[in-house]
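> Structure supplied as structure-v3.txt; contents: compact mmCIF, N, CA and C atoms.
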```
# COMPACT_ATOMS: atom_id res chain seq x y z
N MET A 1 12.46 -15.97 17.17
CA MET A 1 11.61 -14.82 16.87
C MET A 1 10.35 -14.91 17.73
N SER A 2 10.00 -13.80 18.34
CA SER A 2 8.83 -13.78 19.21
C SER A 2 7.55 -13.76 18.37
N PRO A 3 6.44 -14.17 18.97
CA PRO A 3 5.16 -14.12 18.25
C PRO A 3 4.81 -12.70 17.78
N LEU A 4 5.16 -11.68 18.58
CA LEU A 4 4.88 -10.30 18.17
C LEU A 4 5.74 -9.92 16.96
N ASP A 5 7.01 -10.30 16.98
CA ASP A 5 7.88 -10.03 15.84
C ASP A 5 7.35 -10.71 14.58
N ARG A 6 6.93 -11.96 14.74
CA ARG A 6 6.41 -12.73 13.61
C ARG A 6 5.15 -12.05 13.04
N SER A 7 4.27 -11.62 13.90
CA SER A 7 3.04 -10.97 13.45
C SER A 7 3.34 -9.64 12.76
N LEU A 8 4.31 -8.92 13.28
CA LEU A 8 4.73 -7.65 12.66
C LEU A 8 5.29 -7.90 11.26
N LEU A 9 6.12 -8.92 11.14
CA LEU A 9 6.69 -9.27 9.83
C LEU A 9 5.61 -9.76 8.86
N LEU A 10 4.62 -10.48 9.37
CA LEU A 10 3.54 -10.95 8.49
C LEU A 10 2.74 -9.77 7.94
N ALA A 11 2.51 -8.74 8.76
CA ALA A 11 1.83 -7.54 8.27
C ALA A 11 2.67 -6.87 7.18
N LEU A 12 3.98 -6.81 7.39
CA LEU A 12 4.88 -6.24 6.38
C LEU A 12 4.82 -7.06 5.09
N LEU A 13 4.86 -8.37 5.22
CA LEU A 13 4.80 -9.23 4.04
C LEU A 13 3.46 -9.08 3.31
N LEU A 14 2.38 -8.90 4.06
CA LEU A 14 1.08 -8.67 3.43
C LEU A 14 1.11 -7.41 2.59
N GLN A 15 1.75 -6.36 3.09
CA GLN A 15 1.86 -5.12 2.32
C GLN A 15 2.70 -5.34 1.06
N ILE A 16 3.76 -6.12 1.17
CA ILE A 16 4.56 -6.43 -0.02
C ILE A 16 3.74 -7.20 -1.04
N VAL A 17 2.99 -8.19 -0.58
CA VAL A 17 2.13 -8.97 -1.49
C VAL A 17 1.08 -8.07 -2.14
N THR A 18 0.53 -7.15 -1.37
CA THR A 18 -0.45 -6.20 -1.93
C THR A 18 0.19 -5.43 -3.09
N THR A 19 1.40 -4.95 -2.89
CA THR A 19 2.10 -4.20 -3.94
C THR A 19 2.31 -5.07 -5.18
N ILE A 20 2.72 -6.31 -4.98
CA ILE A 20 2.94 -7.22 -6.11
C ILE A 20 1.64 -7.49 -6.85
N VAL A 21 0.57 -7.73 -6.10
CA VAL A 21 -0.74 -7.99 -6.73
C VAL A 21 -1.19 -6.78 -7.56
N VAL A 22 -1.04 -5.58 -7.00
CA VAL A 22 -1.41 -4.37 -7.74
C VAL A 22 -0.55 -4.26 -9.01
N GLY A 23 0.72 -4.60 -8.92
CA GLY A 23 1.58 -4.57 -10.11
C GLY A 23 1.11 -5.52 -11.19
N PHE A 24 0.71 -6.73 -10.80
CA PHE A 24 0.18 -7.67 -11.78
C PHE A 24 -1.16 -7.17 -12.35
N TRP A 25 -1.99 -6.60 -11.47
CA TRP A 25 -3.27 -6.04 -11.94
C TRP A 25 -3.02 -4.95 -12.98
N LEU A 26 -2.05 -4.09 -12.70
CA LEU A 26 -1.69 -3.03 -13.64
C LEU A 26 -1.28 -3.63 -14.98
N GLY A 27 -0.45 -4.64 -14.96
CA GLY A 27 -0.05 -5.30 -16.21
C GLY A 27 -1.24 -5.87 -16.95
N ARG A 28 -2.16 -6.46 -16.22
CA ARG A 28 -3.36 -7.06 -16.84
C ARG A 28 -4.22 -6.00 -17.51
N VAL A 29 -4.53 -4.92 -16.78
CA VAL A 29 -5.43 -3.92 -17.37
C VAL A 29 -4.75 -3.19 -18.53
N ARG A 30 -3.44 -3.02 -18.47
CA ARG A 30 -2.75 -2.41 -19.61
C ARG A 30 -2.76 -3.34 -20.82
N LYS A 31 -2.56 -4.62 -20.60
CA LYS A 31 -2.58 -5.59 -21.70
C LYS A 31 -3.96 -5.59 -22.37
N ILE A 32 -5.00 -5.59 -21.56
CA ILE A 32 -6.37 -5.57 -22.09
C ILE A 32 -6.60 -4.29 -22.89
N ALA A 33 -6.11 -3.16 -22.38
CA ALA A 33 -6.28 -1.88 -23.08
C ALA A 33 -5.56 -1.88 -24.42
N VAL A 34 -4.37 -2.43 -24.45
CA VAL A 34 -3.60 -2.49 -25.70
C VAL A 34 -4.32 -3.40 -26.69
N GLN A 35 -4.75 -4.57 -26.24
CA GLN A 35 -5.44 -5.52 -27.12
C GLN A 35 -6.76 -4.96 -27.65
N ALA A 36 -7.41 -4.11 -26.85
CA ALA A 36 -8.69 -3.53 -27.27
C ALA A 36 -8.49 -2.29 -28.14
N GLY A 37 -7.25 -1.87 -28.31
CA GLY A 37 -6.99 -0.66 -29.09
C GLY A 37 -7.43 0.61 -28.38
N ALA A 38 -7.47 0.57 -27.06
CA ALA A 38 -7.97 1.70 -26.28
C ALA A 38 -6.88 2.67 -25.84
N VAL A 39 -5.65 2.44 -26.29
CA VAL A 39 -4.53 3.30 -25.91
C VAL A 39 -4.36 4.36 -26.98
N THR A 40 -4.26 5.60 -26.53
CA THR A 40 -4.08 6.72 -27.46
C THR A 40 -2.84 7.52 -27.08
N GLY A 41 -2.27 8.20 -28.03
CA GLY A 41 -1.14 9.08 -27.73
C GLY A 41 0.11 8.31 -27.36
N ASP A 42 1.06 9.02 -26.83
CA ASP A 42 2.35 8.45 -26.47
C ASP A 42 2.35 8.08 -24.99
N VAL A 43 1.96 6.84 -24.68
CA VAL A 43 1.88 6.41 -23.29
C VAL A 43 3.26 6.17 -22.68
N MET A 44 4.29 6.23 -23.50
CA MET A 44 5.64 6.10 -22.96
C MET A 44 6.04 7.36 -22.19
N LEU A 45 5.39 8.48 -22.51
CA LEU A 45 5.73 9.74 -21.87
C LEU A 45 4.63 10.29 -20.98
N SER A 46 3.41 9.80 -21.13
CA SER A 46 2.30 10.34 -20.38
C SER A 46 1.27 9.26 -20.09
N GLN A 47 0.69 9.31 -18.91
CA GLN A 47 -0.35 8.37 -18.52
C GLN A 47 -1.68 8.64 -19.24
N GLU A 48 -1.82 9.83 -19.78
CA GLU A 48 -3.12 10.25 -20.30
C GLU A 48 -3.64 9.43 -21.46
N GLY A 49 -2.78 8.70 -22.14
CA GLY A 49 -3.23 7.88 -23.25
C GLY A 49 -3.85 6.56 -22.83
N TRP A 50 -3.69 6.21 -21.56
CA TRP A 50 -4.28 4.97 -21.07
C TRP A 50 -5.74 5.21 -20.67
N PRO A 51 -6.58 4.20 -20.78
CA PRO A 51 -7.96 4.33 -20.28
C PRO A 51 -7.95 4.55 -18.76
N LYS A 52 -9.09 5.02 -18.24
CA LYS A 52 -9.20 5.36 -16.82
C LYS A 52 -8.76 4.23 -15.89
N GLN A 53 -9.22 3.02 -16.16
CA GLN A 53 -8.91 1.91 -15.27
C GLN A 53 -7.40 1.65 -15.21
N ALA A 54 -6.72 1.78 -16.32
CA ALA A 54 -5.27 1.58 -16.34
C ALA A 54 -4.56 2.72 -15.60
N ARG A 55 -5.07 3.93 -15.75
CA ARG A 55 -4.47 5.06 -15.02
C ARG A 55 -4.67 4.90 -13.52
N ALA A 56 -5.85 4.45 -13.12
CA ALA A 56 -6.12 4.25 -11.69
C ALA A 56 -5.20 3.16 -11.13
N ALA A 57 -5.04 2.07 -11.86
CA ALA A 57 -4.15 1.00 -11.39
C ALA A 57 -2.71 1.50 -11.31
N SER A 58 -2.29 2.28 -12.29
CA SER A 58 -0.94 2.84 -12.28
C SER A 58 -0.74 3.79 -11.10
N ASN A 59 -1.74 4.62 -10.85
CA ASN A 59 -1.65 5.54 -9.71
C ASN A 59 -1.58 4.76 -8.39
N ASN A 60 -2.37 3.69 -8.31
CA ASN A 60 -2.34 2.91 -7.08
C ASN A 60 -0.99 2.22 -6.91
N PHE A 61 -0.45 1.71 -8.00
CA PHE A 61 0.87 1.08 -7.91
C PHE A 61 1.91 2.10 -7.42
N SER A 62 1.85 3.30 -7.94
CA SER A 62 2.76 4.36 -7.46
C SER A 62 2.53 4.66 -5.98
N ASN A 63 1.26 4.66 -5.57
CA ASN A 63 0.93 4.90 -4.16
C ASN A 63 1.58 3.87 -3.24
N GLN A 64 1.81 2.67 -3.76
CA GLN A 64 2.40 1.61 -2.93
C GLN A 64 3.85 1.91 -2.54
N PHE A 65 4.41 2.96 -3.14
CA PHE A 65 5.80 3.33 -2.83
C PHE A 65 5.88 4.70 -2.16
N GLU A 66 4.77 5.11 -1.57
CA GLU A 66 4.73 6.40 -0.87
C GLU A 66 4.61 6.13 0.64
N VAL A 67 3.43 6.21 1.21
CA VAL A 67 3.25 5.99 2.65
C VAL A 67 3.73 4.60 3.09
N PRO A 68 3.53 3.55 2.28
CA PRO A 68 4.04 2.24 2.73
C PRO A 68 5.54 2.20 3.00
N VAL A 69 6.31 3.05 2.36
CA VAL A 69 7.75 3.08 2.64
C VAL A 69 7.99 3.46 4.11
N LEU A 70 7.20 4.39 4.62
CA LEU A 70 7.31 4.76 6.04
C LEU A 70 6.96 3.56 6.93
N PHE A 71 5.94 2.82 6.52
CA PHE A 71 5.52 1.62 7.25
C PHE A 71 6.66 0.61 7.30
N TYR A 72 7.30 0.36 6.16
CA TYR A 72 8.41 -0.59 6.12
C TYR A 72 9.52 -0.17 7.09
N VAL A 73 9.87 1.09 7.05
CA VAL A 73 10.94 1.59 7.92
C VAL A 73 10.55 1.43 9.38
N LEU A 74 9.34 1.79 9.71
CA LEU A 74 8.89 1.68 11.11
C LEU A 74 8.93 0.23 11.60
N VAL A 75 8.48 -0.69 10.77
CA VAL A 75 8.50 -2.10 11.17
C VAL A 75 9.94 -2.57 11.36
N LEU A 76 10.81 -2.24 10.43
CA LEU A 76 12.20 -2.69 10.54
C LEU A 76 12.91 -2.07 11.74
N VAL A 77 12.64 -0.79 11.99
CA VAL A 77 13.24 -0.14 13.16
C VAL A 77 12.70 -0.77 14.44
N ALA A 78 11.42 -1.02 14.49
CA ALA A 78 10.82 -1.65 15.68
C ALA A 78 11.43 -3.03 15.93
N LEU A 79 11.63 -3.79 14.87
CA LEU A 79 12.25 -5.10 15.04
C LEU A 79 13.69 -4.97 15.52
N TRP A 80 14.41 -4.02 14.95
CA TRP A 80 15.80 -3.79 15.34
C TRP A 80 15.90 -3.37 16.80
N LEU A 81 14.96 -2.54 17.24
CA LEU A 81 14.95 -2.07 18.63
C LEU A 81 14.35 -3.10 19.59
N LYS A 82 13.79 -4.17 19.04
CA LYS A 82 13.05 -5.16 19.83
C LYS A 82 11.89 -4.47 20.55
N ALA A 83 11.19 -3.63 19.78
CA ALA A 83 10.11 -2.80 20.34
C ALA A 83 8.73 -3.23 19.87
N ALA A 84 8.62 -4.44 19.35
CA ALA A 84 7.30 -4.91 18.93
C ALA A 84 6.41 -5.04 20.16
N SER A 85 5.24 -4.45 20.08
CA SER A 85 4.27 -4.51 21.17
C SER A 85 2.92 -4.88 20.58
N PRO A 86 2.00 -5.31 21.42
CA PRO A 86 0.66 -5.62 20.89
C PRO A 86 0.05 -4.42 20.15
N ALA A 87 0.24 -3.21 20.66
CA ALA A 87 -0.32 -2.03 20.00
C ALA A 87 0.33 -1.80 18.64
N LEU A 88 1.64 -1.93 18.57
CA LEU A 88 2.35 -1.74 17.30
C LEU A 88 1.90 -2.77 16.28
N VAL A 89 1.78 -4.00 16.72
CA VAL A 89 1.33 -5.07 15.82
C VAL A 89 -0.09 -4.78 15.33
N ALA A 90 -0.96 -4.36 16.22
CA ALA A 90 -2.35 -4.06 15.83
C ALA A 90 -2.39 -2.96 14.78
N PHE A 91 -1.62 -1.89 14.99
CA PHE A 91 -1.63 -0.80 14.02
C PHE A 91 -0.94 -1.19 12.72
N ALA A 92 0.01 -2.09 12.77
CA ALA A 92 0.63 -2.59 11.54
C ALA A 92 -0.40 -3.36 10.72
N TRP A 93 -1.21 -4.16 11.36
CA TRP A 93 -2.24 -4.91 10.65
C TRP A 93 -3.34 -3.97 10.14
N ILE A 94 -3.68 -2.98 10.93
CA ILE A 94 -4.66 -1.99 10.46
C ILE A 94 -4.14 -1.33 9.20
N PHE A 95 -2.86 -0.97 9.21
CA PHE A 95 -2.27 -0.34 8.03
C PHE A 95 -2.34 -1.28 6.83
N ALA A 96 -1.87 -2.51 7.00
CA ALA A 96 -1.82 -3.46 5.88
C ALA A 96 -3.21 -3.72 5.30
N VAL A 97 -4.19 -3.89 6.16
CA VAL A 97 -5.57 -4.14 5.68
C VAL A 97 -6.14 -2.88 5.02
N SER A 98 -5.82 -1.72 5.57
CA SER A 98 -6.32 -0.47 4.96
C SER A 98 -5.74 -0.30 3.55
N ARG A 99 -4.51 -0.75 3.34
CA ARG A 99 -3.89 -0.63 2.01
C ARG A 99 -4.56 -1.57 1.02
N ILE A 100 -5.01 -2.72 1.48
CA ILE A 100 -5.76 -3.63 0.60
C ILE A 100 -7.08 -2.97 0.22
N ALA A 101 -7.78 -2.42 1.21
CA ALA A 101 -9.05 -1.75 0.94
C ALA A 101 -8.84 -0.57 -0.01
N HIS A 102 -7.78 0.18 0.20
CA HIS A 102 -7.47 1.33 -0.67
C HIS A 102 -7.20 0.85 -2.09
N ALA A 103 -6.43 -0.21 -2.24
CA ALA A 103 -6.11 -0.73 -3.58
C ALA A 103 -7.36 -1.23 -4.28
N ILE A 104 -8.22 -1.92 -3.56
CA ILE A 104 -9.46 -2.43 -4.18
C ILE A 104 -10.33 -1.26 -4.63
N ALA A 105 -10.49 -0.27 -3.77
CA ALA A 105 -11.30 0.90 -4.14
C ALA A 105 -10.68 1.65 -5.31
N HIS A 106 -9.38 1.85 -5.27
CA HIS A 106 -8.68 2.62 -6.30
C HIS A 106 -8.73 1.91 -7.65
N CYS A 107 -8.55 0.60 -7.65
CA CYS A 107 -8.46 -0.16 -8.90
C CYS A 107 -9.81 -0.65 -9.42
N SER A 108 -10.87 -0.42 -8.67
CA SER A 108 -12.20 -0.84 -9.15
C SER A 108 -13.04 0.38 -9.48
N THR A 109 -13.85 0.83 -8.54
CA THR A 109 -14.74 1.96 -8.81
C THR A 109 -14.02 3.30 -8.74
N ASN A 110 -12.92 3.34 -8.01
CA ASN A 110 -12.13 4.56 -7.78
C ASN A 110 -12.98 5.68 -7.17
N ARG A 111 -13.96 5.28 -6.37
CA ARG A 111 -14.80 6.28 -5.71
C ARG A 111 -14.11 6.76 -4.45
N LEU A 112 -13.96 8.07 -4.38
CA LEU A 112 -13.29 8.69 -3.25
C LEU A 112 -14.00 8.39 -1.93
N ARG A 113 -15.29 8.16 -2.02
CA ARG A 113 -16.09 7.84 -0.84
C ARG A 113 -15.54 6.61 -0.11
N TYR A 114 -14.97 5.67 -0.85
CA TYR A 114 -14.42 4.45 -0.26
C TYR A 114 -12.90 4.53 -0.14
N ARG A 115 -12.29 5.12 -1.12
CA ARG A 115 -10.84 5.18 -1.18
C ARG A 115 -10.24 6.07 -0.09
N ALA A 116 -10.81 7.25 0.11
CA ALA A 116 -10.25 8.22 1.07
C ALA A 116 -10.25 7.69 2.51
N PRO A 117 -11.34 7.11 2.99
CA PRO A 117 -11.28 6.59 4.37
C PRO A 117 -10.21 5.51 4.54
N ALA A 118 -10.08 4.64 3.56
CA ALA A 118 -9.05 3.59 3.66
C ALA A 118 -7.66 4.23 3.71
N TYR A 119 -7.45 5.23 2.88
CA TYR A 119 -6.16 5.93 2.86
C TYR A 119 -5.87 6.57 4.21
N PHE A 120 -6.84 7.32 4.73
CA PHE A 120 -6.60 8.05 5.97
C PHE A 120 -6.51 7.14 7.19
N ILE A 121 -7.19 6.01 7.17
CA ILE A 121 -7.01 5.02 8.24
C ILE A 121 -5.56 4.53 8.24
N GLY A 122 -5.05 4.26 7.05
CA GLY A 122 -3.65 3.82 6.93
C GLY A 122 -2.67 4.88 7.39
N VAL A 123 -2.88 6.11 6.99
CA VAL A 123 -2.00 7.20 7.42
C VAL A 123 -2.07 7.35 8.93
N GLY A 124 -3.27 7.27 9.49
CA GLY A 124 -3.42 7.36 10.94
C GLY A 124 -2.67 6.23 11.65
N ALA A 125 -2.74 5.03 11.09
CA ALA A 125 -2.03 3.89 11.69
C ALA A 125 -0.53 4.13 11.67
N VAL A 126 -0.01 4.67 10.56
CA VAL A 126 1.42 4.97 10.48
C VAL A 126 1.81 6.06 11.47
N MET A 127 0.93 7.03 11.66
CA MET A 127 1.21 8.08 12.63
C MET A 127 1.31 7.51 14.04
N VAL A 128 0.38 6.63 14.40
CA VAL A 128 0.42 6.01 15.72
C VAL A 128 1.67 5.14 15.85
N MET A 129 1.98 4.39 14.80
CA MET A 129 3.18 3.55 14.83
C MET A 129 4.43 4.42 15.02
N THR A 130 4.46 5.57 14.38
CA THR A 130 5.60 6.48 14.55
C THR A 130 5.73 6.90 16.01
N GLY A 131 4.61 7.23 16.64
CA GLY A 131 4.64 7.59 18.05
C GLY A 131 5.11 6.44 18.93
N LEU A 132 4.66 5.24 18.64
CA LEU A 132 5.06 4.07 19.43
C LEU A 132 6.56 3.79 19.28
N VAL A 133 7.05 3.87 18.05
CA VAL A 133 8.48 3.63 17.83
C VAL A 133 9.31 4.75 18.47
N ALA A 134 8.84 5.99 18.34
CA ALA A 134 9.54 7.12 18.97
C ALA A 134 9.59 6.93 20.49
N ALA A 135 8.50 6.48 21.08
CA ALA A 135 8.47 6.24 22.52
C ALA A 135 9.48 5.17 22.92
N ALA A 136 9.61 4.15 22.07
CA ALA A 136 10.58 3.08 22.35
C ALA A 136 12.01 3.61 22.25
N VAL A 137 12.26 4.50 21.30
CA VAL A 137 13.58 5.09 21.15
C VAL A 137 13.90 5.95 22.36
N ILE A 138 12.94 6.76 22.77
CA ILE A 138 13.15 7.67 23.92
C ILE A 138 13.35 6.88 25.21
N ALA A 139 12.58 5.80 25.35
CA ALA A 139 12.68 4.98 26.56
C ALA A 139 14.01 4.22 26.62
N GLY A 140 14.65 4.10 25.46
CA GLY A 140 15.97 3.45 25.42
C GLY A 140 15.84 1.99 25.41
```
Please render this file's structure as structure tokens.


Amino acid sequence: MSPLDRSLLLALLLQIVTTIVVGFWLGRVRKIAVQAGAVTGDVMLSQEGWPKQARAASNNFSNQFEVPVLFYVLVLVALWLKAASPALVAFAWIFAVSRIAHAIAHCSTNRLRYRAPAYFIGVGAVMVMTGLVAAAVIAG
């Protein structure tokens, strides 16, 4: 495995770890909410019965299966095509770090001022990665 391939896979693994950490965080904040008696209504059918922090963590966990899925596909296709390049690796790391920043913002203060830039940096990185992988496909 080349150093570029290894670095690309490490960025992918970082995103997977981020998703797992958010999942554990979600379990923690839900457990605390249940123990504190802060859950209202039928939370089996609706998120609205959970306190804000639990809803934010749940939303972030769901977000980990949206744009990141495109990232996973791009990384795997790039590896399959042997198209890992320094630029692709750089944007993969930008994406992975932006997702950590997004998760921290979403699961803590949930202020759009911090969350939105992290989100859009990640989307931009995936867009550039898409162009790089498309260029590799076209180039054959």

> What lies within 8 Å of A:Gly140 using all atoms listed in the file, ignoring chain neighbours under 5 positions off, as number ranges by chain?

A: 81, 134-135

> Go ahead and save the residues from that selection, with N, CA and C atoms, as a PDB file, in the frame of the given file.


```
ATOM      1  N   LEU A  81      14.960  -2.540  17.240  1.00  0.00           N
ATOM      2  CA  LEU A  81      14.950  -2.070  18.630  1.00  0.00           C
ATOM      3  C   LEU A  81      14.350  -3.100  19.590  1.00  0.00           C
ATOM      4  N   ALA A 134       8.840   5.990  18.340  1.00  0.00           N
ATOM      5  CA  ALA A 134       9.540   7.120  18.970  1.00  0.00           C
ATOM      6  C   ALA A 134       9.590   6.930  20.490  1.00  0.00           C
ATOM      7  N   ALA A 135       8.500   6.480  21.080  1.00  0.00           N
ATOM      8  CA  ALA A 135       8.470   6.240  22.520  1.00  0.00           C
ATOM      9  C   ALA A 135       9.480   5.170  22.920  1.00  0.00           C
TER      10      ALA A 135
END
```

> Give me, please, the distance in Å between atom CA of A:Gly124 and atom C of A:Phe95, quoted to one decimal.

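One can read the atom CA of A:Gly124 to atom C of A:Phe95 distance as 9.6 Å.
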
> Using DSSP on the backbone coordinates, identify the residues of stretch 47-87 of chain A assigned to alpha helix (DSSP H); present them as a list in words.

Lys52, Gln53, Ala54, Arg55, Ala56, Ala57, Ser58, Asn59, Asn60, Phe61, Ser62, Asn63, Val67, Pro68, Val69, Leu70, Phe71, Tyr72, Val73, Leu74, Val75, Leu76, Val77, Ala78, Leu79, Trp80, Leu81, Pro86 and Ala87 of chain A

> Please list as a compact mmCIF listing (two decimals) with N, CA and C atoms, in the coordinates of the input every residue within 10 Å of A:Arg99, counting only C-alpha atoms and excluding residues in the same chain fewer than 2 positions away.


```txt
# COMPACT_ATOMS: atom_id res chain seq x y z
N LEU A 14 2.38 -8.90 4.06
CA LEU A 14 1.08 -8.67 3.43
C LEU A 14 1.11 -7.41 2.59
N GLN A 15 1.75 -6.36 3.09
CA GLN A 15 1.86 -5.12 2.32
C GLN A 15 2.70 -5.34 1.06
N THR A 18 0.53 -7.15 -1.37
CA THR A 18 -0.45 -6.20 -1.93
C THR A 18 0.19 -5.43 -3.09
N THR A 19 1.40 -4.95 -2.89
CA THR A 19 2.10 -4.20 -3.94
C THR A 19 2.31 -5.07 -5.18
N ASN A 60 -2.37 3.69 -8.31
CA ASN A 60 -2.34 2.91 -7.08
C ASN A 60 -0.99 2.22 -6.91
N ASN A 63 1.26 4.66 -5.57
CA ASN A 63 0.93 4.90 -4.16
C ASN A 63 1.58 3.87 -3.24
N GLN A 64 1.81 2.67 -3.76
CA GLN A 64 2.40 1.61 -2.93
C GLN A 64 3.85 1.91 -2.54
N VAL A 67 3.43 6.21 1.21
CA VAL A 67 3.25 5.99 2.65
C VAL A 67 3.73 4.60 3.09
N PRO A 68 3.53 3.55 2.28
CA PRO A 68 4.04 2.24 2.73
C PRO A 68 5.54 2.20 3.00
N TRP A 93 -1.21 -4.16 11.36
CA TRP A 93 -2.24 -4.91 10.65
C TRP A 93 -3.34 -3.97 10.14
N ILE A 94 -3.68 -2.98 10.93
CA ILE A 94 -4.66 -1.99 10.46
C ILE A 94 -4.14 -1.33 9.20
N PHE A 95 -2.86 -0.97 9.21
CA PHE A 95 -2.27 -0.34 8.03
C PHE A 95 -2.34 -1.28 6.83
N ALA A 96 -1.87 -2.51 7.00
CA ALA A 96 -1.82 -3.46 5.88
C ALA A 96 -3.21 -3.72 5.30
N VAL A 97 -4.19 -3.89 6.16
CA VAL A 97 -5.57 -4.14 5.68
C VAL A 97 -6.14 -2.88 5.02
N ALA A 101 -7.78 -2.42 1.21
CA ALA A 101 -9.05 -1.75 0.94
C ALA A 101 -8.84 -0.57 -0.01
N HIS A 102 -7.78 0.18 0.20
CA HIS A 102 -7.47 1.33 -0.67
C HIS A 102 -7.20 0.85 -2.09
N ALA A 103 -6.43 -0.21 -2.24
CA ALA A 103 -6.11 -0.73 -3.58
C ALA A 103 -7.36 -1.23 -4.28
N ILE A 104 -8.22 -1.92 -3.56
CA ILE A 104 -9.46 -2.43 -4.18
C ILE A 104 -10.33 -1.26 -4.63
N ALA A 105 -10.49 -0.27 -3.77
CA ALA A 105 -11.30 0.90 -4.14
C ALA A 105 -10.68 1.65 -5.31
N ARG A 115 -12.29 5.12 -1.12
CA ARG A 115 -10.84 5.18 -1.18
C ARG A 115 -10.24 6.07 -0.09
N ALA A 118 -10.08 4.64 3.56
CA ALA A 118 -9.05 3.59 3.66
C ALA A 118 -7.66 4.23 3.71
N TYR A 119 -7.45 5.23 2.88
CA TYR A 119 -6.16 5.93 2.86
C TYR A 119 -5.87 6.57 4.21
N PHE A 120 -6.84 7.32 4.73
CA PHE A 120 -6.60 8.05 5.97
C PHE A 120 -6.51 7.14 7.19
N ILE A 121 -7.19 6.01 7.17
CA ILE A 121 -7.01 5.02 8.24
C ILE A 121 -5.56 4.53 8.24
N GLY A 122 -5.05 4.26 7.05
CA GLY A 122 -3.65 3.82 6.93
C GLY A 122 -2.67 4.88 7.39
N VAL A 123 -2.88 6.11 6.99
CA VAL A 123 -2.00 7.20 7.42
C VAL A 123 -2.07 7.35 8.93
```

> Have a look at atom N of A:Val17 and atom C of A:Ser58 and let me know their distance in Å, one decimal.

16.4 Å

> Please indicate the distance in Å from atom CA of A:Leu76 to atom C of A:Tyr114, rounded to one decimal place.

28.2 Å

> Which protein, DNA or RNA residues have an atom at most 12 Å from (3.0, -14.4, 15.4), counting only C-alpha atoms? List them as a PyMOL selection string.

chain A and resi 1-11+84-86+89-90+93

> From the options A:Ala54, A:Val126, A:Ala83, A:Pro117, which residue's atoms come nearest to A:Arg28, counting only N, CA and C atoms?

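Distance minimum relative to A:Arg28 lands on A:Ala54.
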
> I'd like the contact shell of A:Thr40 - 7 Å cut-off, all atoms listed in the file, skipping same-chain residues fewer than 5 positions apart - returned as a list in words.

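Once the adjacent positions are removed, what remains is Glu48, Gly49, Trp50 and Pro51 of chain A.
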
> Env of A:Gln53: 8 Å cut, atoms = all atoms listed in the file, seq-sep filter 5 positions within chain, self excluded. Answer as a PyMOL selection string.

chain A and resi 26+29-30+58-59+106-108

> Keeping N, CA and C atoms, export the residues of the selection given above as a tab-separated table (two decimals), in the frame of the given file.


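Resulting contents of again33.tsv:
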```
chain	number	residue	atom	x	y	z
A	26	LEU	N	-2.05	-4.09	-12.70
A	26	LEU	CA	-1.69	-3.03	-13.64
A	26	LEU	C	-1.28	-3.63	-14.98
A	29	VAL	N	-4.53	-4.92	-16.78
A	29	VAL	CA	-5.43	-3.92	-17.37
A	29	VAL	C	-4.75	-3.19	-18.53
A	30	ARG	N	-3.44	-3.02	-18.47
A	30	ARG	CA	-2.75	-2.41	-19.61
A	30	ARG	C	-2.76	-3.34	-20.82
A	58	SER	N	-2.29	2.28	-12.29
A	58	SER	CA	-0.94	2.84	-12.28
A	58	SER	C	-0.74	3.79	-11.10
A	59	ASN	N	-1.74	4.62	-10.85
A	59	ASN	CA	-1.65	5.54	-9.71
A	59	ASN	C	-1.58	4.76	-8.39
A	106	HIS	N	-9.38	1.85	-5.27
A	106	HIS	CA	-8.68	2.62	-6.30
A	106	HIS	C	-8.73	1.91	-7.65
A	107	CYS	N	-8.55	0.60	-7.65
A	107	CYS	CA	-8.46	-0.16	-8.90
A	107	CYS	C	-9.81	-0.65	-9.42
A	108	SER	N	-10.87	-0.42	-8.67
A	108	SER	CA	-12.20	-0.84	-9.15
A	108	SER	C	-13.04	0.38	-9.48
```

> Show me, as AutoDock Vina command-line options, the centre and edge lengths in Å to one decimal of the axis-aligned box that covers every listed atom of stretch 81-100 of chain A with 4 Å on each side.


```
--center_x 3.9 --center_y -3.0 --center_z 10.8 --size_x 30.0 --size_y 13.3 --size_z 29.2
```

> Residues at most 10 Å from A:Leu74, counting only C-alpha atoms, excluding those fewer than 2 positions away in the same chain, as a PyMOL selection string?

chain A and resi 68-72+76-80+88+92+126+129-130+132-134

> So which one's closest to A:Asn110, A:Leu13, A:Glu66, A:Val137, A:Ala57? Using only C-alpha atoms, please.

A:Ala57

> Nearest to A:Val22: which of A:Ile100, A:Lys52, A:Lys82, A:Phe61 is it, counting all atoms listed in the file?

A:Phe61
